[in-house]
>>> print(open('entry_18.cif').read())   # mmCIF, C-alpha atoms (C1' of nucleotides)
data_target
#
loop_
_atom_site.group_PDB
_atom_site.id
_atom_site.type_symbol
_atom_site.label_atom_id
_atom_site.label_comp_id
_atom_site.auth_asym_id
_atom_site.auth_seq_id
_atom_site.Cartn_x
_atom_site.Cartn_y
_atom_site.Cartn_z
ATOM 1 C CA MET A 1 0.000 0.000 0.000
ATOM 2 C CA ALA A 2 2.195 2.783 -1.258
ATOM 3 C CA ILE A 3 1.207 6.284 -0.270
ATOM 4 C CA LYS A 4 2.879 9.118 -2.126
ATOM 5 C CA LEU A 5 2.513 12.565 -0.631
ATOM 6 C CA ASP A 6 3.244 16.055 -1.841
ATOM 7 C CA LYS A 7 4.839 17.663 1.187
ATOM 8 C CA SER A 8 4.038 21.148 -0.074
ATOM 9 C CA ARG A 9 0.295 20.613 0.395
ATOM 10 C CA PRO A 10 -1.730 19.721 3.510
ATOM 11 C CA ILE A 11 -0.990 16.084 4.248
ATOM 12 C CA CYS A 12 -4.143 14.992 6.029
ATOM 13 C CA PRO A 13 -6.535 15.385 3.072
ATOM 14 C CA GLN A 14 -3.949 13.796 0.805
ATOM 15 C CA ILE A 15 -3.949 10.644 2.912
ATOM 16 C CA GLU A 16 -7.741 10.589 2.828
ATOM 17 C CA GLU A 17 -7.676 10.971 -0.926
ATOM 18 C CA GLN A 18 -5.120 8.232 -1.507
ATOM 19 C CA ILE A 19 -6.974 5.703 0.629
ATOM 20 C CA CYS A 20 -10.197 6.642 -1.061
ATOM 21 C CA ILE A 21 -8.610 5.898 -4.422
ATOM 22 C CA LEU A 22 -7.318 2.513 -3.214
ATOM 23 C CA ILE A 23 -10.827 1.593 -2.100
ATOM 24 C CA SER A 24 -12.488 2.850 -5.258
ATOM 25 C CA ASN A 25 -10.202 0.873 -7.563
ATOM 26 C CA GLY A 26 -10.455 -2.311 -5.513
ATOM 27 C CA THR A 27 -6.920 -2.404 -4.127
ATOM 28 C CA LEU A 28 -8.510 -2.255 -0.683
ATOM 29 C CA LYS A 29 -11.591 -4.441 -0.396
ATOM 30 C CA SER A 30 -14.604 -4.250 1.894
ATOM 31 C CA GLY A 31 -13.923 -5.591 5.368
ATOM 32 C CA GLU A 32 -10.202 -5.726 4.717
ATOM 33 C CA LYS A 33 -7.845 -4.476 7.370
ATOM 34 C CA VAL A 34 -5.728 -1.462 6.496
ATOM 35 C CA MET A 35 -2.291 -0.506 7.794
ATOM 36 C CA SER A 36 -2.226 0.603 11.409
ATOM 37 C CA VAL A 37 -2.007 4.263 12.253
ATOM 38 C CA ARG A 38 1.572 3.924 13.442
ATOM 39 C CA GLU A 39 2.641 1.708 10.565
ATOM 40 C CA LEU A 40 1.315 4.046 7.897
ATOM 41 C CA ALA A 41 2.823 7.003 9.727
ATOM 42 C CA VAL A 42 6.265 5.427 9.457
ATOM 43 C CA GLU A 43 5.810 4.419 5.826
ATOM 44 C CA ALA A 44 4.656 7.884 4.824
ATOM 45 C CA SER A 45 7.183 9.640 7.083
ATOM 46 C CA VAL A 46 4.392 11.447 8.814
ATOM 47 C CA ASN A 47 3.160 11.906 12.367
ATOM 48 C CA PRO A 48 0.744 9.253 13.691
ATOM 49 C CA ASN A 49 -1.624 12.012 14.780
ATOM 50 C CA THR A 50 -1.965 13.140 11.187
ATOM 51 C CA VAL A 51 -2.841 9.626 10.032
ATOM 52 C CA GLN A 52 -5.319 9.278 12.891
ATOM 53 C CA LYS A 53 -7.034 12.491 11.835
ATOM 54 C CA ALA A 54 -7.202 11.333 8.223
ATOM 55 C CA PHE A 55 -8.705 7.978 9.208
ATOM 56 C CA GLU A 56 -11.306 9.745 11.343
ATOM 57 C CA GLY A 57 -12.207 11.845 8.325
ATOM 58 C CA LEU A 58 -12.664 8.702 6.258
ATOM 59 C CA GLU A 59 -14.758 7.187 9.033
ATOM 60 C CA GLU A 60 -17.135 10.166 8.854
ATOM 61 C CA LYS A 61 -17.473 9.522 5.133
ATOM 62 C CA GLY A 62 -18.269 5.866 5.847
ATOM 63 C CA LEU A 63 -15.208 4.503 4.060
ATOM 64 C CA LEU A 64 -13.362 3.176 7.097
ATOM 65 C CA LYS A 65 -14.371 1.952 10.509
ATOM 66 C CA SER A 66 -12.208 1.464 13.562
ATOM 67 C CA VAL A 67 -12.134 -1.376 16.059
ATOM 68 C CA ARG A 68 -10.379 -0.232 19.178
ATOM 69 C CA GLY A 69 -7.327 -2.299 19.902
ATOM 70 C CA SER A 70 -7.706 -4.260 16.700
ATOM 71 C CA GLY A 71 -7.308 -1.916 13.779
ATOM 72 C CA TRP A 72 -8.978 0.018 10.983
ATOM 73 C CA PHE A 73 -11.075 -1.751 8.377
ATOM 74 C CA VAL A 74 -12.547 -0.867 5.006
ATOM 75 C CA GLY A 75 -16.292 -0.137 5.145
ATOM 76 C CA GLU A 76 -18.924 -1.995 3.190
ATOM 77 C CA ASN A 77 -19.970 0.778 0.828
ATOM 78 C CA GLY A 78 -17.477 0.597 -2.038
ATOM 79 C CA GLU A 79 -19.603 2.780 -4.300
ATOM 80 C CA LYS A 80 -19.218 5.702 -1.929
ATOM 81 C CA ALA A 81 -15.493 5.735 -2.618
ATOM 82 C CA LYS A 82 -16.101 5.877 -6.349
ATOM 83 C CA ASP A 83 -18.523 8.768 -5.882
ATOM 84 C CA ILE A 84 -15.945 10.691 -3.897
ATOM 85 C CA VAL A 85 -13.223 10.042 -6.457
ATOM 86 C CA ASN A 86 -15.548 11.215 -9.215
ATOM 87 C CA SER A 87 -16.366 14.403 -7.371
ATOM 88 C CA LEU A 88 -12.644 14.973 -6.847
ATOM 89 C CA ILE A 89 -12.077 14.591 -10.565
ATOM 90 C CA ILE A 90 -14.831 17.050 -11.369
ATOM 91 C CA SER A 91 -13.894 19.700 -8.832
ATOM 92 C CA GLN A 92 -10.203 19.580 -9.669
ATOM 93 C CA THR A 93 -10.950 19.765 -13.364
ATOM 94 C CA LYS A 94 -13.161 22.805 -12.865
ATOM 95 C CA GLU A 95 -10.432 24.414 -10.787
ATOM 96 C CA TYR A 96 -7.829 23.667 -13.447
ATOM 97 C CA LEU A 97 -9.969 25.070 -16.240
ATOM 98 C CA GLY A 98 -10.677 28.185 -14.224
ATOM 99 C CA ARG A 99 -6.974 28.759 -13.672
ATOM 100 C CA MET A 100 -6.153 28.270 -17.315
ATOM 101 C CA HIS A 101 -8.851 30.736 -18.306
ATOM 102 C CA ASP A 102 -7.416 33.220 -15.817
ATOM 103 C CA LEU A 103 -4.055 32.682 -17.466
ATOM 104 C CA GLY A 104 -5.604 33.666 -20.759
ATOM 105 C CA LEU A 105 -6.142 30.312 -22.458
ATOM 106 C CA SER A 106 -9.243 29.406 -24.457
ATOM 107 C CA ASN A 107 -10.811 25.965 -24.208
ATOM 108 C CA GLU A 108 -9.286 25.062 -27.535
ATOM 109 C CA GLN A 109 -5.830 26.161 -26.455
ATOM 110 C CA ILE A 110 -6.157 24.058 -23.332
ATOM 111 C CA LEU A 111 -7.057 20.986 -25.348
ATOM 112 C CA ASN A 112 -4.134 21.508 -27.686
ATOM 113 C CA LEU A 113 -1.820 21.908 -24.727
ATOM 114 C CA LEU A 114 -2.990 18.638 -23.208
ATOM 115 C CA ARG A 115 -2.736 16.793 -26.492
ATOM 116 C CA SER A 116 0.855 17.915 -26.912
ATOM 117 C CA ASP A 117 1.598 16.919 -23.329
ATOM 118 C CA ASP A 118 0.552 13.386 -24.209
ATOM 119 C CA ASN A 119 3.581 12.986 -26.424
ATOM 120 C CA GLU A 120 6.236 13.468 -23.777
ATOM 121 C CA MET B 1 -7.571 46.524 -12.141
ATOM 122 C CA ALA B 2 -9.738 43.805 -10.707
ATOM 123 C CA ILE B 3 -7.989 41.248 -8.540
ATOM 124 C CA LYS B 4 -9.900 38.108 -7.702
ATOM 125 C CA LEU B 5 -8.493 35.939 -4.953
ATOM 126 C CA ASP B 6 -9.202 32.455 -3.716
ATOM 127 C CA LYS B 7 -9.121 32.853 0.053
ATOM 128 C CA SER B 8 -8.461 29.154 0.572
ATOM 129 C CA ARG B 9 -4.989 29.417 -0.960
ATOM 130 C CA PRO B 10 -1.962 31.549 0.005
ATOM 131 C CA ILE B 11 -2.812 35.100 -1.012
ATOM 132 C CA CYS B 12 0.621 36.581 -1.629
ATOM 133 C CA PRO B 13 1.547 34.387 -4.631
ATOM 134 C CA GLN B 14 -1.950 34.865 -6.017
ATOM 135 C CA ILE B 15 -1.485 38.618 -6.112
ATOM 136 C CA GLU B 16 1.867 38.152 -7.827
ATOM 137 C CA GLU B 17 0.268 35.857 -10.354
ATOM 138 C CA GLN B 18 -2.630 38.182 -11.142
ATOM 139 C CA ILE B 19 -0.384 41.195 -11.679
ATOM 140 C CA CYS B 20 1.895 39.113 -13.813
ATOM 141 C CA ILE B 21 -1.051 38.168 -15.993
ATOM 142 C CA LEU B 22 -2.139 41.808 -16.324
ATOM 143 C CA ILE B 23 1.352 42.728 -17.481
ATOM 144 C CA SER B 24 1.667 39.804 -19.860
ATOM 145 C CA ASN B 25 -1.625 40.546 -21.619
ATOM 146 C CA GLY B 26 -0.946 44.268 -21.888
ATOM 147 C CA THR B 27 -3.523 45.511 -19.395
ATOM 148 C CA LEU B 28 -0.624 46.999 -17.472
ATOM 149 C CA LYS B 29 1.974 48.599 -19.728
ATOM 150 C CA SER B 30 5.678 49.269 -19.227
ATOM 151 C CA GLY B 31 6.368 52.307 -17.078
ATOM 152 C CA GLU B 32 2.738 52.573 -16.039
ATOM 153 C CA LYS B 33 1.915 53.211 -12.411
ATOM 154 C CA VAL B 34 0.034 50.485 -10.570
ATOM 155 C CA MET B 35 -2.358 50.814 -7.643
ATOM 156 C CA SER B 36 -0.748 51.781 -4.367
ATOM 157 C CA VAL B 37 -0.096 49.162 -1.748
ATOM 158 C CA ARG B 38 -2.843 50.542 0.474
ATOM 159 C CA GLU B 39 -5.325 51.021 -2.353
ATOM 160 C CA LEU B 40 -4.937 47.484 -3.659
ATOM 161 C CA ALA B 41 -5.125 46.136 -0.127
ATOM 162 C CA VAL B 42 -8.539 47.756 0.298
ATOM 163 C CA GLU B 43 -9.797 46.619 -3.102
ATOM 164 C CA ALA B 44 -8.714 43.030 -2.507
ATOM 165 C CA SER B 45 -9.799 43.041 1.159
ATOM 166 C CA VAL B 46 -6.316 42.068 2.182
ATOM 167 C CA ASN B 47 -3.664 43.393 4.522
ATOM 168 C CA PRO B 48 -1.295 46.041 3.110
ATOM 169 C CA ASN B 49 1.655 44.008 4.336
ATOM 170 C CA THR B 50 0.595 41.125 2.137
ATOM 171 C CA VAL B 51 0.423 43.371 -0.921
ATOM 172 C CA GLN B 52 3.794 44.860 -0.060
ATOM 173 C CA LYS B 53 5.294 41.382 0.118
ATOM 174 C CA ALA B 54 3.765 40.446 -3.226
ATOM 175 C CA PHE B 55 5.095 43.598 -4.902
ATOM 176 C CA GLU B 56 8.549 42.919 -3.516
ATOM 177 C CA GLY B 57 8.364 39.448 -5.023
ATOM 178 C CA LEU B 58 7.492 40.948 -8.393
ATOM 179 C CA GLU B 59 10.344 43.416 -8.032
ATOM 180 C CA GLU B 60 12.775 40.523 -7.604
ATOM 181 C CA LYS B 61 11.424 39.059 -10.832
ATOM 182 C CA GLY B 62 11.964 42.401 -12.578
ATOM 183 C CA LEU B 63 8.283 43.002 -13.294
ATOM 184 C CA LEU B 64 7.746 45.946 -10.959
ATOM 185 C CA LYS B 65 9.924 48.644 -9.504
ATOM 186 C CA SER B 66 9.209 50.935 -6.593
ATOM 187 C CA VAL B 67 9.841 54.646 -6.172
ATOM 188 C CA ARG B 68 9.747 55.560 -2.523
ATOM 189 C CA GLY B 69 7.025 58.064 -1.780
ATOM 190 C CA SER B 70 5.742 57.944 -5.332
ATOM 191 C CA GLY B 71 4.466 54.483 -6.079
ATOM 192 C CA TRP B 72 5.031 51.192 -7.874
ATOM 193 C CA PHE B 73 5.593 51.046 -11.629
ATOM 194 C CA VAL B 74 5.604 48.347 -14.268
ATOM 195 C CA GLY B 75 9.100 47.330 -15.383
ATOM 196 C CA GLU B 76 10.399 47.494 -18.928
ATOM 197 C CA ASN B 77 10.714 43.797 -19.660
ATOM 198 C CA GLY B 78 7.251 42.755 -20.804
ATOM 199 C CA GLU B 79 8.467 39.452 -22.247
ATOM 200 C CA LYS B 80 9.496 38.295 -18.786
ATOM 201 C CA ALA B 81 5.865 38.386 -17.695
ATOM 202 C CA LYS B 82 4.847 36.211 -20.623
ATOM 203 C CA ASP B 83 7.584 33.733 -19.802
ATOM 204 C CA ILE B 84 6.373 33.488 -16.234
ATOM 205 C CA VAL B 85 2.762 33.023 -17.307
ATOM 206 C CA ASN B 86 3.823 30.289 -19.717
ATOM 207 C CA SER B 87 5.749 28.471 -17.035
ATOM 208 C CA LEU B 88 2.708 28.733 -14.766
ATOM 209 C CA ILE B 89 0.576 27.178 -17.471
ATOM 210 C CA ILE B 90 3.007 24.338 -17.962
ATOM 211 C CA SER B 91 3.590 23.561 -14.296
ATOM 212 C CA GLN B 92 -0.094 23.692 -13.402
ATOM 213 C CA THR B 93 -0.971 21.504 -16.349
ATOM 214 C CA LYS B 94 1.613 18.932 -15.334
ATOM 215 C CA GLU B 95 0.260 19.006 -11.798
ATOM 216 C CA TYR B 96 -3.302 18.573 -13.031
ATOM 217 C CA LEU B 97 -2.392 15.662 -15.275
ATOM 218 C CA GLY B 98 -0.500 14.001 -12.447
ATOM 219 C CA ARG B 99 -3.504 14.295 -10.156
ATOM 220 C CA MET B 100 -5.855 12.891 -12.754
ATOM 221 C CA HIS B 101 -3.547 9.952 -13.339
ATOM 222 C CA ASP B 102 -3.453 9.346 -9.599
ATOM 223 C CA LEU B 103 -7.235 9.367 -9.654
ATOM 224 C CA GLY B 104 -7.124 6.607 -12.220
ATOM 225 C CA LEU B 105 -7.784 8.469 -15.472
ATOM 226 C CA SER B 106 -5.976 7.793 -18.739
ATOM 227 C CA ASN B 107 -4.907 10.633 -21.028
ATOM 228 C CA GLU B 108 -7.788 9.829 -23.324
ATOM 229 C CA GLN B 109 -10.296 9.918 -20.481
ATOM 230 C CA ILE B 110 -8.941 13.292 -19.397
ATOM 231 C CA LEU B 111 -9.368 14.703 -22.885
ATOM 232 C CA ASN B 112 -12.929 13.421 -23.104
ATOM 233 C CA LEU B 113 -13.683 14.917 -19.724
ATOM 234 C CA LEU B 114 -12.414 18.317 -20.791
ATOM 235 C CA ARG B 115 -14.258 18.179 -24.095
ATOM 236 C CA SER B 116 -17.514 17.483 -22.278
ATOM 237 C CA ASP B 117 -16.791 20.264 -19.825
ATOM 238 C CA ASP B 118 -16.670 22.679 -22.756
ATOM 239 C CA ASN B 119 -20.383 22.267 -23.337
ATOM 240 C CA GLU B 120 -21.582 23.507 -19.988
ATOM 241 C "C1'" DA C 1 -1.248 -13.924 32.762
ATOM 242 C "C1'" DC C 2 1.901 -11.542 29.908
ATOM 243 C "C1'" DT C 3 3.419 -9.059 26.104
ATOM 244 C "C1'" DA C 4 2.897 -6.633 22.071
ATOM 245 C "C1'" DC C 5 0.116 -4.451 19.225
ATOM 246 C "C1'" DT C 6 -3.882 -1.590 18.288
ATOM 247 C "C1'" DG C 7 -6.841 2.842 18.624
ATOM 248 C "C1'" DT C 8 -7.543 7.138 21.394
ATOM 249 C "C1'" DA C 9 -6.688 11.317 23.869
ATOM 250 C "C1'" DC C 10 -4.207 15.136 25.473
ATOM 251 C "C1'" DT C 11 -0.825 18.915 25.838
ATOM 252 C "C1'" DA C 12 3.042 21.430 24.149
ATOM 253 C "C1'" DT C 13 5.762 23.010 20.421
ATOM 254 C "C1'" DT C 14 7.085 24.478 15.801
ATOM 255 C "C1'" DA C 15 6.363 26.689 11.426
ATOM 256 C "C1'" DC C 16 3.922 29.499 8.383
ATOM 257 C "C1'" DA C 17 0.544 32.809 6.386
ATOM 258 C "C1'" DG C 18 -1.932 36.441 7.146
ATOM 259 C "C1'" DT C 19 -3.655 40.264 10.100
ATOM 260 C "C1'" DA C 20 -3.238 44.454 12.838
ATOM 261 C "C1'" DA C 21 -1.298 48.591 14.278
ATOM 262 C "C1'" DT C 22 2.091 51.805 14.270
ATOM 263 C "C1'" DA C 23 5.896 54.577 12.925
ATOM 264 C "C1'" DC C 24 9.048 56.610 9.679
ATOM 265 C "C1'" DA C 25 10.854 58.270 5.064
ATOM 266 C "C1'" DA C 26 10.261 60.283 0.639
ATOM 267 C "C1'" DT C 27 7.470 62.323 -2.917
ATOM 268 C "C1'" DT C 28 3.458 64.784 -4.636
ATOM 269 C "C1'" DT C 29 -0.092 68.013 -4.179
ATOM 270 C "C1'" DT C 30 -2.089 72.037 -2.428
ATOM 271 C "C1'" DA D 1 5.569 75.476 3.848
ATOM 272 C "C1'" DA D 2 2.030 72.267 4.931
ATOM 273 C "C1'" DA D 3 -0.810 68.400 4.108
ATOM 274 C "C1'" DA D 4 -1.671 64.234 1.902
ATOM 275 C "C1'" DT D 5 -0.091 60.191 -0.264
ATOM 276 C "C1'" DT D 6 3.283 56.901 -1.109
ATOM 277 C "C1'" DG D 7 6.700 53.113 0.098
ATOM 278 C "C1'" DT D 8 9.115 50.842 4.077
ATOM 279 C "C1'" DA D 9 9.957 48.716 8.472
ATOM 280 C "C1'" DT D 10 8.899 46.707 12.821
ATOM 281 C "C1'" DT D 11 6.474 44.283 16.336
ATOM 282 C "C1'" DA D 12 2.720 41.631 18.091
ATOM 283 C "C1'" DC D 13 -1.195 38.738 17.399
ATOM 284 C "C1'" DT D 14 -4.183 34.968 15.328
ATOM 285 C "C1'" DG D 15 -5.347 30.651 13.052
ATOM 286 C "C1'" DT D 16 -3.922 26.462 11.047
ATOM 287 C "C1'" DA D 17 -1.241 22.267 9.977
ATOM 288 C "C1'" DA D 18 1.835 19.298 11.478
ATOM 289 C "C1'" DT D 19 5.101 17.471 14.888
ATOM 290 C "C1'" DA D 20 6.554 15.490 19.372
ATOM 291 C "C1'" DG D 21 5.848 13.100 23.399
ATOM 292 C "C1'" DT D 22 3.190 10.782 26.574
ATOM 293 C "C1'" DA D 23 -0.406 8.168 28.499
ATOM 294 C "C1'" DC D 24 -4.360 5.208 28.568
ATOM 295 C "C1'" DA D 25 -7.673 1.569 26.826
ATOM 296 C "C1'" DG D 26 -8.879 -2.395 24.342
ATOM 297 C "C1'" DT D 27 -7.523 -6.665 21.538
ATOM 298 C "C1'" DA D 28 -4.684 -10.545 19.958
ATOM 299 C "C1'" DG D 29 -0.971 -13.929 20.297
ATOM 300 C "C1'" DT D 30 2.040 -16.415 23.192
#
>>> encode(input="entry_18.cif", output="structure tokens")
Amino acid sequence: MAIKLDKSRPICPQIEEQICILISNGTLKSGEKVMSVRELAVEASVNPNTVQKAFEGLEEKGLLKSVRGSGWFVGENGEKAKDIVNSLIISQTKEYLGRMHDLGLSNEQILNLLRSDDNE
Amino acid sequence: MAIKLDKSRPICPQIEEQICILISNGTLKSGEKVMSVRELAVEASVNPNTVQKAFEGLEEKGLLKSVRGSGWFVGENGEKAKDIVNSLIISQTKEYLGRMHDLGLSNEQILNLLRSDDNE
DNA sequence: ACTACTGTACTATTACAGTAATACAATTTT
DNA sequence: AAAATTGTATTACTGTAATAGTACAGTAGT
């Protein structure tokens, strides 16, 4: 379960996002146990408190549930994860398009830019 | 000179970015005087110190220059602004594509998504 | 039972961005 | 000359994110 983080952005939501992705694409399955708070903290070179907070956020969303003393487990509602990932895709795309428009690009210019980026 | 800011992100670099755009697209011309630190702070509902910091950043980049007691003026090198805007476009596009890949989208899926977003 | 692991809770500390208020210096305007 | 406006500098405060350290509670394996 590799977690890659961008240290220049808030870490907690990034952890939530990554786990959400792993659930949505089936890498983490319903009922499955996930890495412990301390374990993931070491792997991601992050403070256990930060991981704890992220897991609690995912619990509120119904993606994880905790069993005290035993561990954290993936929730039963796998579709929820896909919904969240989709909304992330949409919101981040809107944000990106807005920025590009601010920077003076038309929709067509944006598409051309992305097409050329494919060939790198 | 309208400045629109996203309060959920660091303000200082946003101000720098917006001014840079205004210079690159010719809204602000070489030698022209820009709004005063205090004036812009009021217009953008932001602290004067933050504007001051942003202007100093733009001075380092050669886009603005200050005359004590008189005001801030647009520098002579208009091409520099365009270069900076272009590098912003490229870096933010790379970042966006990276995020979308993390979220499980292929290049083709991203292009389709953006094409459909055009028709909103 | 014991040990090791787990989640949970709490306080203190650090770092950073932005705010707030004030004072001073230089130029422009009147 | 005086007043107003500008840039500049300094200090203190606030809110937030993350770290650090510690302690406690529940579970699992031996």
>>> resolve_selection(input="entry_18.cif", expression="the PyMOL selection byres ((chain A) within 9 of (chain D))", output="list of chain:residue names")
A:Pro10, A:Ile11, A:Cys12, A:Val46, A:Asn47, A:Asn49, A:Thr50, A:Val67, A:Arg68, A:Gly69, A:Ser70
>>> closest_residue(input="entry_18.cif", among="B:Gly75, B:Gly62, B:Gly57, B:Gly104", to="chain A", atoms="all atoms listed in the file")
B:Gly104
>>> interface_residues(input="entry_18.cif", of="chain C", to="chain B", cutoff="8 Å", atoms="all atoms listed in the file", output="PyMOL selection string")
chain C and resi 17-19+25-28
>>> closest_atom_pairs(input="entry_18.cif", of="chain B", to="chain A", cutoff="7 Å", atoms="only C-alpha atoms", output="CSV")
residue,atom,partner,partner_atom,distance
B:Ile21,CA,A:Leu103,CA,6.4
B:Val85,CA,A:Leu103,CA,6.8
B:Ile89,CA,A:Met100,CA,6.8
B:Tyr96,CA,A:Tyr96,CA,6.8
B:Met100,CA,A:Ile89,CA,6.8
B:Leu103,CA,A:Ile21,CA,6.4
B:Asn107,CA,A:Asp118,CA,6.9
B:Asp118,CA,A:Asn107,CA,6.9
>>> write_last_selection(input="entry_18.cif", atoms="C-alpha atoms", output="PDB file, in the frame of the given file")
ATOM      1  CA  ILE B  21      -1.051  38.168 -15.993  1.00  0.00           C
ATOM      2  CA  VAL B  85       2.762  33.023 -17.307  1.00  0.00           C
ATOM      3  CA  ILE B  89       0.576  27.178 -17.471  1.00  0.00           C
ATOM      4  CA  TYR B  96      -3.302  18.573 -13.031  1.00  0.00           C
ATOM      5  CA  MET B 100      -5.855  12.891 -12.754  1.00  0.00           C
ATOM      6  CA  LEU B 103      -7.235   9.367  -9.654  1.00  0.00           C
ATOM      7  CA  ASN B 107      -4.907  10.633 -21.028  1.00  0.00           C
ATOM      8  CA  ASP B 118     -16.670  22.679 -22.756  1.00  0.00           C
TER       9      ASP B 118
END
>>> atom_distance(input="entry_18.cif", atom1="CA of Ser91 in chain B", atom2="CA of Glu79 in chain B")
18.4 Å
>>> atom_distance(input="entry_18.cif", atom1="CA of Ala54 in chain A", atom2="C1' of DT6 in chain C")
16.7 Å
>>> atom_distance(input="entry_18.cif", atom1="C1' of DT3 in chain C", atom2="CA of Glu43 in chain A")
24.5 Å
>>> residues_around(input="entry_18.cif", residues="Asn77 in chain A", least_positions_apart="2", cutoff="10 Å", atoms="all atoms listed in the file", output="PyMOL selection string")
chain A and resi 23-24+29-31+62-64+74-75+79-82
>>> axis_aligned_box(input="entry_18.cif", around="range 2-14 of chain C", padding_each_side="8 Å", output="AutoDock Vina command-line options")
--center_x -0.2 --center_y 6.5 --center_z 22.9 --size_x 30.6 --size_y 52.0 --size_z 30.1
